[in-house]
Each structure stands twice: as structure tokens, then as C-alpha cells.
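What follows is the content of final_20.cif, which has mmCIF, C-alpha atoms:
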data_run
#
loop_
_atom_site.label_atom_id
_atom_site.label_comp_id
_atom_site.auth_asym_id
_atom_site.auth_seq_id
_atom_site.Cartn_x
_atom_site.Cartn_y
_atom_site.Cartn_z
CA MET V 1 56.96 37.19 -26.37
CA LYS V 2 58.23 34.19 -28.28
CA HIS V 3 60.55 32.39 -25.88
CA ARG V 4 62.82 31.23 -28.63
CA LEU V 5 65.98 30.71 -26.63
CA LEU V 6 65.21 27.49 -24.82
CA GLY V 7 66.52 24.42 -26.57
CA VAL V 8 68.23 26.35 -29.31
CA ALA V 9 71.69 25.07 -30.08
CA LEU V 10 73.20 28.34 -30.84
CA ALA V 11 72.37 31.88 -29.96
CA GLY V 12 74.07 35.18 -29.76
CA CYS V 13 73.98 38.89 -30.47
CA ALA V 14 75.12 39.70 -34.02
CA LEU V 15 77.02 42.90 -34.59
CA ALA V 16 75.99 44.91 -37.62
CA ALA V 17 78.97 46.23 -39.49
CA VAL V 18 77.50 49.18 -41.30
CA GLY V 19 78.99 51.19 -44.08
CA ALA V 20 82.18 51.08 -46.06
CA GLY V 21 84.45 53.88 -47.12
CA PRO V 22 85.89 54.63 -50.54
CA VAL V 23 88.40 52.20 -51.95
CA HIS V 24 91.88 53.09 -50.76
CA ALA V 25 94.81 53.33 -53.08
CA VAL V 26 96.01 49.96 -51.79
CA SER V 27 92.57 48.28 -51.85
CA ASP V 28 91.28 48.63 -48.30
CA GLN V 29 88.06 49.69 -46.61
CA LEU V 30 87.35 51.02 -43.15
CA TRP V 31 84.24 49.88 -41.27
CA VAL V 32 82.51 50.80 -38.03
CA SER V 33 81.16 47.74 -36.19
CA VAL V 34 78.42 48.32 -33.60
CA PRO V 35 75.23 46.66 -32.35
CA SER V 36 72.38 47.50 -34.70
CA GLU V 37 70.08 48.11 -31.72
CA THR V 38 69.96 48.17 -27.94
CA VAL V 39 67.23 48.45 -25.32
CA LEU V 40 67.82 50.67 -22.30
CA PRO V 41 65.97 49.82 -19.09
CA GLY V 42 63.64 52.67 -18.16
CA PRO V 43 64.07 54.47 -14.83
CA GLY V 44 63.13 52.62 -11.67
CA SER V 45 60.80 53.93 -9.01
CA ASP V 46 63.65 55.93 -7.46
CA GLY V 47 64.59 57.48 -10.82
CA SER V 48 67.82 55.49 -11.20
CA ALA V 49 68.53 53.40 -14.30
CA HIS V 50 70.96 50.64 -15.22
CA GLU V 51 73.66 51.63 -17.69
CA ARG V 52 74.09 49.82 -21.00
CA THR V 53 77.49 49.61 -22.69
CA ILE V 54 77.94 49.91 -26.44
CA ALA V 55 81.28 48.56 -27.64
CA VAL V 56 82.44 50.23 -30.86
CA GLN V 57 85.09 48.64 -33.04
CA VAL V 58 86.77 49.89 -36.18
CA THR V 59 87.81 47.26 -38.71
CA HIS V 60 89.36 47.09 -42.14
CA ASP V 61 89.40 44.51 -44.90
CA ASN V 62 92.99 44.13 -46.06
CA THR V 63 95.17 42.84 -43.22
CA GLU V 64 98.25 43.14 -45.42
CA ASN V 65 97.97 46.89 -44.93
CA GLU V 66 98.89 48.86 -41.84
CA VAL V 67 96.24 51.37 -40.77
CA THR V 68 97.34 54.45 -38.86
CA ALA V 69 95.68 55.65 -35.67
CA GLY V 70 92.38 57.38 -36.28
CA ARG V 71 89.38 59.15 -34.83
CA LEU V 72 85.81 58.01 -34.23
CA THR V 73 83.05 60.61 -34.23
CA VAL V 74 79.96 59.84 -32.14
CA ASP V 75 76.71 61.80 -32.34
CA ALA V 76 74.01 60.94 -29.76
CA THR V 77 71.85 64.03 -30.40
CA GLU V 78 68.75 61.95 -31.22
CA ILE V 79 68.64 60.28 -27.81
CA ALA V 80 69.39 63.38 -25.71
CA SER V 81 65.74 63.78 -24.66
CA PHE V 82 65.60 60.40 -22.91
CA ALA V 83 69.16 59.15 -22.26
CA ARG V 84 72.55 60.33 -21.10
CA VAL V 85 75.92 59.27 -22.44
CA SER V 86 79.00 58.43 -20.35
CA TRP V 87 82.13 59.01 -22.40
CA PRO V 88 85.27 56.87 -21.94
CA ALA V 89 88.69 58.41 -21.32
CA ASN V 90 89.75 58.23 -24.98
CA CYS V 91 86.80 60.43 -26.07
CA VAL V 92 86.82 64.25 -26.00
CA PRO V 93 83.22 65.55 -25.67
CA GLU V 94 82.28 68.50 -27.84
CA SER V 95 78.97 68.60 -25.93
CA ALA V 96 76.87 66.26 -23.76
CA VAL V 97 75.86 64.32 -26.89
CA LYS V 98 78.83 64.58 -29.27
CA ALA V 99 82.43 63.46 -28.94
CA VAL V 100 85.52 62.53 -30.92
CA CYS V 101 87.37 59.40 -29.75
CA ASP V 102 90.95 58.47 -30.60
CA PHE V 103 91.66 54.86 -31.51
CA ALA V 104 94.94 53.03 -32.03
CA GLY V 105 96.35 51.98 -35.36
CA MET V 106 96.09 48.48 -36.78
CA PRO V 107 99.46 46.89 -37.58
CA THR V 108 99.84 44.52 -40.50
CA GLY V 109 98.03 41.26 -39.77
CA THR V 110 95.29 42.80 -37.61
CA ASP V 111 91.80 43.63 -38.79
CA SER V 112 90.14 45.43 -35.88
CA VAL V 113 90.68 47.76 -32.96
CA ALA V 114 88.51 48.80 -30.02
CA ALA V 115 87.44 52.39 -30.59
CA ALA V 116 85.17 53.25 -27.64
CA GLU V 117 82.92 51.85 -24.93
CA LEU V 118 79.96 54.17 -24.51
CA GLY V 119 77.71 54.05 -21.45
CA LEU V 120 74.02 54.82 -22.01
CA SER V 121 71.37 55.17 -19.29
CA ALA V 122 67.78 56.43 -19.25
CA LEU V 123 67.01 59.84 -17.75
CA PRO V 124 64.80 59.88 -14.62
CA ASP V 125 61.80 61.33 -16.48
CA ALA V 126 62.35 59.43 -19.75
CA ASP V 127 59.35 58.74 -21.97
CA LEU V 128 59.22 54.95 -22.43
CA ALA V 129 57.92 55.42 -25.98
CA ALA V 130 61.00 57.37 -27.04
CA SER V 131 63.63 56.06 -29.46
CA GLY V 132 66.48 57.40 -31.55
CA TYR V 133 69.85 56.62 -33.08
CA VAL V 134 73.45 56.99 -32.02
CA ARG V 135 75.47 57.65 -35.18
CA TYR V 136 79.15 57.03 -35.88
CA THR V 137 81.80 57.73 -38.49
CA ALA V 138 85.52 56.92 -38.46
CA ALA V 139 88.63 58.09 -40.26
CA ALA V 140 92.21 56.85 -40.27
CA GLY V 141 94.73 58.32 -42.67
CA GLU V 142 93.09 58.37 -46.08
CA LEU V 143 90.43 55.82 -45.07
CA THR V 144 86.95 56.91 -44.01
CA SER V 145 83.76 54.98 -43.28
CA PHE V 146 80.20 55.65 -44.21
CA PRO V 147 77.95 56.29 -41.18
CA ALA V 148 77.01 53.47 -38.86
CA GLN V 149 74.21 53.61 -36.31
CA THR V 150 72.67 51.96 -33.25
CA GLN V 151 68.95 52.29 -32.63
CA VAL V 152 68.24 52.97 -28.96
CA THR V 153 64.82 52.27 -27.42
CA LEU V 154 63.54 52.18 -23.85
CA GLY V 155 61.95 49.24 -22.09
CA ASP V 156 60.09 48.70 -18.86
CA GLY V 157 60.73 45.25 -17.41
CA PRO V 158 63.36 42.78 -16.23
CA ASP V 159 66.45 41.96 -18.23
CA LEU V 160 67.97 38.64 -17.24
CA GLY V 161 71.41 37.74 -18.46
CA LEU V 162 74.06 35.03 -18.00
CA SER V 163 77.76 35.68 -17.70
CA GLN V 164 80.03 33.74 -20.05
CA ALA V 165 81.71 30.91 -18.15
CA GLU V 166 85.27 30.02 -19.06
CA TYR V 167 85.96 27.31 -21.61
CA GLN V 168 87.64 24.23 -20.19
CA ARG V 169 90.32 22.25 -22.03
CA ASP V 170 92.30 19.07 -21.46
CA LEU V 171 89.82 17.57 -19.00
CA ARG V 172 90.46 14.01 -17.84
CA PRO V 173 87.70 11.45 -18.44
CA GLY V 174 86.37 10.12 -15.16
CA THR V 175 86.84 13.40 -13.29
CA SER V 176 84.39 16.07 -12.12
CA THR V 177 84.12 19.72 -13.04
CA ALA V 178 81.59 22.54 -12.79
CA VAL V 179 80.31 25.41 -14.91
CA ARG V 180 80.08 28.58 -12.82
CA ALA V 181 78.11 31.51 -14.14
CA THR V 182 76.30 34.56 -12.82
CA VAL V 183 72.64 35.36 -13.42
CA GLY V 184 72.02 39.11 -13.40
CA ASN V 185 69.08 41.44 -13.90
CA SER V 186 70.03 44.70 -15.61
CA GLY V 187 66.42 45.78 -16.17
CA ASN V 188 64.23 47.98 -14.01
CA ARG V 189 61.78 45.31 -12.80
CA ALA V 190 62.30 42.17 -10.74
CA VAL V 191 61.72 38.60 -11.87
CA ASP V 192 59.74 36.55 -9.33
CA ARG V 193 60.82 33.20 -10.79
CA THR V 194 63.33 32.13 -13.44
CA LEU V 195 63.06 29.44 -16.09
CA LEU V 196 66.47 27.84 -16.61
CA TRP V 197 67.32 25.52 -19.51
CA LEU V 198 70.45 23.34 -19.40
CA ASN V 199 71.98 20.98 -21.93
CA ALA V 200 75.03 18.80 -21.31
CA SER V 201 76.40 16.96 -24.33
CA TYR V 202 76.65 13.17 -24.50
CA GLY V 203 80.13 12.87 -23.00
CA LEU V 204 79.11 14.83 -19.90
CA ARG V 205 76.75 13.92 -17.07
CA LEU V 206 74.73 16.23 -14.86
CA LYS V 207 75.80 15.15 -11.37
CA GLU V 208 72.51 16.17 -9.72
CA ARG V 209 68.89 15.55 -10.69
CA HIS V 210 67.27 18.45 -8.81
CA SER V 211 63.67 18.21 -7.61
CA ASN V 212 62.82 21.61 -9.16
CA CYS V 213 64.06 20.42 -12.55
CA GLU V 214 62.83 17.94 -15.16
CA TYR V 215 65.11 16.02 -17.50
CA ARG V 216 65.20 14.54 -20.99
CA GLU V 217 67.78 12.21 -22.52
CA HIS V 218 68.44 12.48 -26.24
CA ALA V 219 71.00 11.28 -28.78
CA THR V 220 73.48 14.07 -28.14
CA GLY V 221 73.13 14.52 -24.38
CA THR V 222 70.82 15.48 -21.52
CA SER V 223 68.56 18.53 -21.24
CA ALA V 224 66.97 19.98 -18.11
CA LEU V 225 64.26 22.55 -17.40
CA CYS V 226 64.38 24.13 -13.96
CA VAL V 227 62.09 26.58 -12.19
CA LEU V 228 64.10 28.73 -9.78
CA ASP V 229 61.99 30.39 -7.09
CA GLU V 230 64.45 33.08 -5.96
CA ALA V 231 63.38 36.59 -6.96
CA VAL V 232 65.99 38.26 -9.18
CA ALA V 233 65.87 41.97 -8.48
CA PRO V 234 67.16 44.84 -10.64
CA GLY V 235 70.89 45.22 -10.19
CA GLY V 236 71.16 41.82 -8.56
CA GLN V 237 73.83 39.22 -9.28
CA TYR V 238 73.29 35.56 -8.43
CA ALA V 239 75.70 32.63 -8.61
CA LEU V 240 74.62 29.59 -10.65
CA THR V 241 76.80 26.46 -10.45
CA THR V 242 76.21 23.29 -12.46
CA ALA V 243 78.21 20.23 -11.38
CA LEU V 244 79.28 17.88 -14.19
CA ARG V 245 80.96 14.50 -14.53
CA VAL V 246 83.37 14.10 -17.45
CA GLY V 247 82.52 10.67 -18.85
CA HIS V 248 84.91 8.10 -20.29
CA LYS V 249 83.31 8.76 -23.69
CA ALA V 250 83.98 12.53 -23.55
CA LEU V 251 85.97 14.32 -26.25
CA TYR V 252 84.60 17.53 -27.79
CA GLU V 253 81.87 18.50 -25.35
CA ARG V 254 79.70 21.55 -24.80
CA PHE V 255 77.37 22.82 -22.13
CA ASP V 256 74.54 25.21 -22.98
CA HIS V 257 72.24 27.14 -20.67
CA SER V 258 69.75 29.98 -20.89
CA VAL V 259 67.48 31.98 -18.58
CA LEU V 260 64.08 33.65 -19.03
CA PRO V 261 61.48 35.13 -16.71
CA TYR V 262 59.23 32.23 -15.74
CA SER V 263 55.72 31.87 -17.13
CA ASP V 264 53.50 28.83 -17.61
CA GLU V 265 53.51 29.54 -21.34
CA ALA V 266 57.32 29.66 -21.49
CA LEU V 267 57.59 26.33 -19.66
CA GLU V 268 55.08 24.63 -21.96
CA GLU V 269 56.82 25.94 -25.04
CA ALA V 270 60.18 24.72 -23.74
CA ARG V 271 58.78 21.27 -23.05
CA GLY V 272 57.41 21.00 -26.59
CA GLU V 273 56.20 17.51 -27.48
CA GLU V 274 58.98 15.78 -25.56
CA THR V 275 58.66 13.69 -22.37
CA TRP V 276 60.45 15.09 -19.32
CA THR V 277 61.15 13.26 -16.05
CA PRO V 278 61.18 15.14 -12.71
CA GLY V 279 64.32 15.00 -10.61
CA THR V 280 64.32 13.90 -6.98
CA GLY V 281 67.51 15.48 -5.56
CA PRO V 282 68.00 18.70 -3.61
CA GLU V 283 66.68 21.90 -5.20
CA LEU V 284 68.86 23.98 -7.48
CA ASN V 285 68.99 27.52 -6.09
CA LEU V 286 70.48 30.86 -7.00
CA ARG V 287 72.81 32.41 -4.42
CA PRO V 288 72.91 36.22 -4.25
CA VAL V 289 76.36 37.74 -4.66
CA ALA V 290 75.37 41.43 -4.76
CA THR V 291 72.77 43.81 -3.32
CA GLN V 292 69.46 44.32 -5.07
CA ARG V 293 66.50 46.66 -5.28
CA THR V 294 62.98 45.43 -6.03
CA ALA V 295 60.06 45.93 -8.43
CA THR V 296 58.00 43.54 -10.59
CA GLY V 297 57.88 42.63 -14.29
CA THR V 298 57.31 39.90 -16.88
CA ASP V 299 58.96 40.07 -20.30
CA ASP V 300 62.72 40.23 -20.82
CA LEU V 301 63.95 43.50 -22.37
CA ASP V 302 66.99 42.15 -24.21
CA LEU V 303 67.50 38.48 -25.14
CA SER V 304 71.03 38.92 -26.45
CA ASP V 305 72.73 37.74 -23.24
CA ASN V 306 70.20 35.14 -22.04
CA TYR V 307 71.98 32.21 -23.70
CA ARG V 308 75.54 30.99 -23.27
CA THR V 309 77.63 28.09 -24.56
CA VAL V 310 80.65 26.65 -22.79
CA ILE V 311 83.17 24.39 -24.55
CA LEU V 312 84.63 21.52 -22.50
CA ASP V 313 87.25 19.41 -24.28
CA ALA V 314 88.52 16.15 -22.83
CA ARG V 315 91.91 14.47 -23.23
CA ASN V 316 90.66 11.43 -25.09
CA THR V 317 90.82 9.58 -28.41
CA ALA V 318 88.49 7.93 -30.90
CA ASP V 319 89.82 5.42 -33.40
CA LEU V 320 88.02 5.67 -36.73
CA GLN V 321 88.31 2.68 -39.04
CA LEU V 322 87.19 2.23 -42.66
CA THR V 323 85.99 -1.00 -44.23
CA GLY V 324 85.25 -1.43 -47.92
CA SER V 325 83.47 -4.06 -50.01
CA LYS V 326 83.63 -6.27 -53.10
CA VAL V 327 80.97 -6.21 -55.83
CA ARG V 328 80.42 -8.07 -59.09
CA GLY V 329 78.42 -7.32 -62.22
CA ALA V 330 78.23 -7.35 -65.98
CA VAL V 331 78.40 -4.49 -68.43
CA GLY V 332 75.34 -2.26 -67.97
CA ASP V 333 74.68 -3.40 -64.39
CA THR V 334 74.42 -0.99 -61.48
CA VAL V 335 75.99 -2.43 -58.34
CA THR V 336 76.20 -0.96 -54.84
CA ALA V 337 79.54 -0.78 -53.09
CA ARG V 338 79.53 -0.09 -49.37
CA VAL V 339 82.10 1.82 -47.35
CA THR V 340 81.68 1.98 -43.59
CA VAL V 341 83.17 4.38 -41.06
CA HIS V 342 83.43 2.69 -37.65
CA ASN V 343 84.12 4.55 -34.44
CA ARG V 344 86.06 2.15 -32.24
CA GLY V 345 86.13 4.65 -29.38
CA PRO V 346 86.66 4.99 -26.57
CA ALA V 347 85.20 8.48 -27.13
CA TRP V 348 82.25 9.54 -29.20
CA VAL V 349 83.01 12.23 -31.80
CA ALA V 350 80.74 15.23 -32.32
CA SER V 351 80.92 18.65 -33.92
CA LEU V 352 77.99 20.23 -32.10
CA GLY V 353 79.13 23.80 -32.68
CA ALA V 354 80.56 23.95 -36.19
CA GLY V 355 78.30 21.18 -37.46
CA ALA V 356 81.13 19.48 -39.36
CA PRO V 357 80.88 15.81 -40.33
CA VAL V 358 82.81 13.36 -38.16
CA ALA V 359 84.54 12.12 -41.30
CA VAL V 360 84.74 12.94 -44.99
CA VAL V 361 85.93 10.13 -47.23
CA ARG V 362 87.44 10.54 -50.69
CA PHE V 363 87.66 8.08 -53.57
CA GLN V 364 87.67 7.75 -57.36
CA ALA V 365 85.55 5.48 -59.52
CA PRO V 366 87.12 2.05 -60.00
CA GLU V 367 88.34 1.53 -63.55
CA GLY V 368 85.52 0.68 -65.94
CA THR V 369 82.78 2.12 -63.70
CA ALA V 370 80.90 5.38 -63.29
CA VAL V 371 79.67 6.71 -59.94
CA LEU V 372 75.96 7.62 -59.92
CA ASP V 373 74.29 10.23 -57.69
CA MET V 374 74.59 9.71 -53.91
CA ASP V 375 73.17 11.40 -50.84
CA ASN V 376 75.58 13.51 -48.77
CA CYS V 377 78.24 13.19 -51.45
CA TRP V 378 79.71 15.49 -54.04
CA SER V 379 82.38 15.44 -56.72
CA SER V 380 85.33 17.63 -57.59
CA ASP V 381 84.84 20.13 -60.40
CA PRO V 382 85.38 18.21 -63.65
CA ASP V 383 86.45 21.47 -65.36
CA GLU V 384 89.50 21.75 -63.12
CA PRO V 385 92.77 20.39 -64.52
CA GLY V 386 94.31 17.40 -62.83
CA PRO V 387 93.53 13.75 -62.22
CA ALA V 388 90.19 12.07 -62.77
CA THR V 389 87.18 13.16 -60.73
CA TYR V 390 87.29 12.66 -56.97
CA TYR V 391 84.17 11.92 -54.97
CA PHE V 392 83.62 13.00 -51.37
CA CYS V 393 81.06 11.67 -48.87
CA SER V 394 80.36 13.00 -45.38
CA THR V 395 79.07 11.31 -42.26
CA PRO V 396 76.63 12.93 -39.79
CA ILE V 397 78.04 15.46 -37.31
CA TRP V 398 78.27 12.90 -34.48
CA LEU V 399 79.14 9.24 -34.17
CA HIS V 400 78.79 7.41 -30.87
CA GLU V 401 81.51 5.08 -29.65
CA GLY V 402 80.95 1.63 -31.16
CA ALA V 403 78.68 3.06 -33.85
CA SER V 404 79.23 3.13 -37.60
CA HIS V 405 77.98 4.92 -40.69
CA THR V 406 77.79 3.25 -44.12
CA PHE V 407 77.93 4.95 -47.50
CA GLU V 408 76.16 3.15 -50.33
CA ILE V 409 77.96 3.96 -53.56
CA PRO V 410 76.09 3.08 -56.78
CA LEU V 411 78.47 2.07 -59.56
CA GLN V 412 77.42 1.58 -63.15
CA ILE V 413 79.66 -0.97 -64.90
CA GLU V 414 80.61 0.41 -68.32
CA ARG V 415 83.21 -2.27 -69.08
CA VAL V 416 84.40 -5.27 -67.11
CA VAL V 417 87.89 -4.87 -65.67
CA SER V 418 88.92 -7.84 -63.59
CA GLY V 419 89.99 -6.74 -60.10
CA ALA V 420 89.30 -3.05 -60.65
CA ARG V 421 89.69 -1.24 -57.37
CA ALA V 422 89.59 2.18 -55.76
CA THR V 423 91.09 3.32 -52.48
CA VAL V 424 88.80 5.15 -50.09
CA ARG V 425 90.43 7.23 -47.34
CA THR V 426 89.41 9.80 -44.77
CA ILE V 427 90.47 13.41 -45.16
CA ASN V 428 92.33 13.91 -41.93
CA ASP V 429 92.79 17.68 -41.83
CA MET V 430 89.34 19.16 -42.41
CA PRO V 431 89.50 22.61 -40.80
CA GLU V 432 86.45 22.28 -38.54
CA LEU V 433 87.18 18.77 -37.24
CA GLU V 434 90.67 17.39 -37.78
CA ILE V 435 90.74 13.60 -37.52
CA ARG V 436 94.49 13.53 -36.92
CA LYS V 437 93.96 15.40 -33.64
CA PHE V 438 91.80 12.71 -32.04
CA ASP V 439 92.43 9.48 -33.99
CA PRO V 440 95.43 7.55 -32.61
CA ASN V 441 95.70 5.17 -35.57
CA LEU V 442 95.43 6.66 -39.05
CA ARG V 443 96.71 3.45 -40.65
CA ASN V 444 93.21 1.92 -40.59
CA ASN V 445 91.58 4.95 -42.23
CA THR V 446 91.73 3.49 -45.74
CA ALA V 447 89.70 0.81 -47.43
CA GLN V 448 89.24 -0.74 -50.87
CA ILE V 449 86.29 -0.96 -53.26
CA VAL V 450 86.91 -3.96 -55.51
CA VAL V 451 84.86 -4.65 -58.66
CA ASN V 452 84.89 -8.10 -60.21
CA GLY V 453 87.88 -9.13 -58.16
#
Whole structure given in C-alpha cells:
Amino acid sequence: MKHRLLGVALAGCALAAVGAGPVHAVSDQLWVSVPSETVLPGPGSDGSAHERTIAVQVTHDNTENEVTAGRLTVDATEIASFARVSWPANCVPESAVKAVCDFAGMPTGTDSVAAAELGLSALPDADLAASGYVRYTAAAGELTSFPAQTQVTLGDGPDLGLSQAEYQRDLRPGTSTAVRATVGNSGNRAVDRTLLWLNASYGLRLKERHSNCEYREHATGTSALCVLDEAVAPGGQYALTTALRVGHKALYERFDHSVLPYSDEALEEARGEETWTPGTGPELNLRPVATQRTATGTDDLDLSDNYRTVILDARNTADLQLTGSKVRGAVGDTVTARVTVHNRGPAWVASLGAGAPVAVVRFQAPEGTAVLDMDNCWSSDPDEPGPATYYFCSTPIWLHEGASHTFEIPLQIERVVSGARATVRTINDMPELEIRKFDPNLRNNTAQIVVNG
């Protein structure tokens, strides 16, 4: 198996919204949103099996419309030979494998509603090669959906997963905190050892350097690879706590971690070509918080819950400052103006989730000049009505405290205008990273490009 989770910045289980109904008289569509596939753990040696939950949502497109309460139809006939279905209270079974479930209406301004949570578990004598589909349709008033489906297969092995730790906001720089999660095994085989990957962003510090972990520093933080020797049995739940220090440079921070069954190959792949340094502190261990039953296995059945991200925001500021430049030239010359974004701190600024630039600057060509092509820059649509063309340039997605980023702006001089100038300013309300929320002094977020001044 390709152990693709370790070191990945983002991961998750995408829901497949399948099917759309006919266009409603007031331009709306009903959808059924479900996982496109799920893997059920096969029966254990005692015939028991862990239950999987499928969350079914019904959504619609036009939130200006109110959608009345409706009914979800579920047909699990294709999996009846190898799995059983547990129906929630809002579902009325027509048989062991078919049911109709009532769901609430969606008032104006809402686009989704929970329709059902179905429990699926393998039968004691299930054939591990079996597979089939659970199929769904929904109707509400005049709206109907085309069928949606979830493919269900069986697996024989462990299934490690991490609980989602709570996000933390308004942390004070210089204080300590911890990320507390639970490692569970919902498969039908035990894991003898676990490979844990951690990543704390630049404004955070891992308080311990455990002897069963190895560490790597990089531009956006610290990563760790840990080998946990505690066996994780089917049905078991184990507490995992990571102690962190909130640094004086912290602002928009994140902590990522993932788990996989250990193998030498998985560890080597996670290390890649990087250099890792062993820790020397006390071992990091899992602490059982529930009873377990045992068996053995290797590959993970379902990777959708092996990776989690936790957002940790600090109460801090970062003062961005722009500086411009003066250039000179004759008609026909191409000159390079420079605009620099400085981060005066005290915090670094990073958009590690959304991947937004720390700053976007906007300017127009000084009178008598034309702006030539630039990297990481673009212009407003010249076909749109309004003032002359605006140009926009974006920084990288992080900028350390005390660091700066310079834009080199090539200007072709078409006619000499003494003292021609353009004002460059940051856009302070970009939706993914609003400068006005962290910058305490917006007055220094403008600069001048002066030509022949």
C-alpha cells in the first residue's frame, strides 16, 4: 500500500454528491450527499464485526428557497448477503434492507440537512470478496434527486483512525497548550506497532523530543516521525497527547498528525530524502482508554480518518510595511521598479491551509510607462469599464518575522513625464487572509513608484 498520508499537508475524505433532480419552478435542485465508498471490517475470530456509520445529507442549490420536509429512500438489497443495516429512529424499515427516512425541511438560507445515519456491519460468515451498493433517492415537495450510491466492500485488517481534536483560538504567545486526540482501531485485526507523523507549524514548538521519535526542522515548522510500540487492538481506544509551546512568533498556526500501521517500508517512505535527528527525551506512548480484543494484521482498511489537522490561532500581530523605489530612464528604456513587503513582526504570517498569499499589492502604471509581464502578478480585465488597468502582485503564502519579499516591476518608458508616480498599496480584506485582522498599523501599507522624479 502506498503510505501517502505522512507529510501531506492536507488530507480528508471527500463526499460524492451524486445526482441532481429536475429543475424546479423556482430554479432549485435537490441532491443526495454520501460517501462514494466505504470499507467494512470483516468479522473477527469470534464472529463479531465493527460497525461503520454512513452519514447521509440532503442538499439543495438555491438557498433563497425554502425546501419542505422530505423523505429519503434507502435500498441496501445488494449488500444483504454480507452485511446488516442498523436503521436510525427517523427511518421506517420496509424490510431488513429497505427503509424510508423522514428528514426536516431547509429554511431559507440553509443548503443542507442531515437525513440519516446508517450503521453497517459485516455478517459473521461474510465472504471477504463480496461487494455491493447502497442506493438512495430523496424527494421534498416537487423536488426529487437522481439516485446516489455508496459502494460497500469488505476488508480483513486493522483500521487505525485519529479523532478530530478541537481547534484552539486566542492563545497567548509564551504559554503552553496540548493537542489531545484518540487513536482507535475499528478494523478486525490488531496493529503491533504504529507509525505516527507530527507537524507543528513555525510559531509552535514541540515541548518534548521523545527518544522513539526523530525530528526535522523546515521553513514552516517542525516534523516528527515516531514509532509507538503499544499494540492497538480491534475496538481499542488510546489517548495521544502532544504538548506544545505557543511561541512569541505565533499567529495563524496549525498542527497536523497521522497514523499508519508500522512497517520498515512506511518509515523509509516517510523519511524520504530528508535528514532526521533522533530525540533523547522520554518515550511517547499510547495510553489505553477502552477495552480491546486481539488479532494481527498489516495494511490499513480505510485511510479516510488517519490524518487530522488542528488549527491553533494566537493573539498576536504582524506589522506589514511597504517600501517603493525611484527609477530613471529615457524613452524606449525598460527600467525595473522595486516594491518590498516587509514583515516587522513580532509574528510570522502564514496561510498554511488556504494557501493564500501573505499580501497582495495593487498599483497602476506610472504616467508615460507601460508595465511588462511579471511573475506572480496579473492585471485587471482591460475590457471592463472603469479606470485604467490595475496590476496585482502576490507574495508567497508565508513570511517570517523580520523577512521581506520584493516585487521587481519592469516598466517600459513610452514618454518622459517628470516625477510620474504610482501608489502601491496592500489589499487589506482578501477573503482568505485579511491583513486588517492582524496588522496593527495600516498607515505604512502604501508606497510610491517614482519615475524620473
*Hits from the PyMOL selection byres ((chain V and resi 432) around 8), listed as an MDAnalysis selection string*: chainID V and resid 354 356 430:431 433:434
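For Gly47 (chain V), the non-local neighbours within 12 Å, defined as residues at least 3 positions apart in the same chain or in other chains and counting only C-alpha atoms, are Pro41, Gly42, Pro43, Gly44, His50, Ser121, Ala122, Leu123, Pro124, Asp125, Ala126 and Asn188 of chain V.
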*Could you expand the PyMOL selection byres ((chain V and resi 332-344) around 7) into the explicit residues it covers here, written as an MDAnalysis selection string?*
chainID V and resid 318:327 329:331 345:346 399 401:414 449
*Just say which residues the PyMOL selection byres ((chain V and resi 228) around 10) picks in this file, as a VMD selection string.*
chain V and resid 192 to 196 212 to 213 225 to 227 229 to 232 259 261 to 262 283 to 286
_Non-local contacts of Glu78 (chain V) (12 Å; all atoms listed in the file; under 4 positions in same chain excluded) as a PyMOL selection string_ = chain V and resi 74+82-85+96-98+130-135+149-153
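Minimum atom-to-atom distances from V:Tyr252, V:Trp276, V:Phe392, V:Phe103 to Tyr167 (chain V) were compared using only C-alpha atoms, and the lowest value belongs to V:Tyr252.
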*Using only C-alpha atoms, which of V:Ala370, V:Ala250, V:Ala114, V:Cys377 sits nearest Phe438 (chain V)?*
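That would be V:Ala250, the residue with the smallest distance to Phe438 (chain V).
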How close does each residue of region 227-253 of chain V get to region 202-211 of chain V, giving the shortest atom pair and distance in Å to one decimal for every residue with an atom at most 6 Å away, counting only C-alpha atoms, sorted by chain and residue number, as a Markdown table?
| residue | atom | partner | partner_atom | distance |
| --- | --- | --- | --- | --- |
| V:Ala243 | CA | V:Lys207 | CA | 5.6 |
| V:Leu244 | CA | V:Leu206 | CA | 4.9 |
| V:Arg245 | CA | V:Arg205 | CA | 5.0 |
| V:Val246 | CA | V:Leu204 | CA | 5.0 |
| V:Gly247 | CA | V:Gly203 | CA | 5.3 |
| V:Lys249 | CA | V:Gly203 | CA | 5.2 |
| V:Ala250 | CA | V:Gly203 | CA | 3.9 |
*asked:* Between V:Gly281, V:Gly187, V:Gly70, V:Gly155, which residue has the minimum interatomic distance to Gly141 (chain V), considering only C-alpha atoms?
replied: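 Checking each candidate against Gly141 (chain V), we get V:Gly70 as the closest.
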_Tell me which residues come within 10 Å of (88.7, -5.7, -59.0), as JSON, numbers by chain, counting only C-alpha atoms in the file's coordinates._
{"V": [326, 327, 328, 366, 367, 368, 416, 417, 418, 419, 420, 421, 422, 448, 449, 450, 451, 452, 453]}
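Checking V:Glu214, V:Asp46, V:Asp102, V:Asp439 one by one against Thr280 (chain V), counting all atoms listed in the file, you find the shortest gap at V:Glu214.
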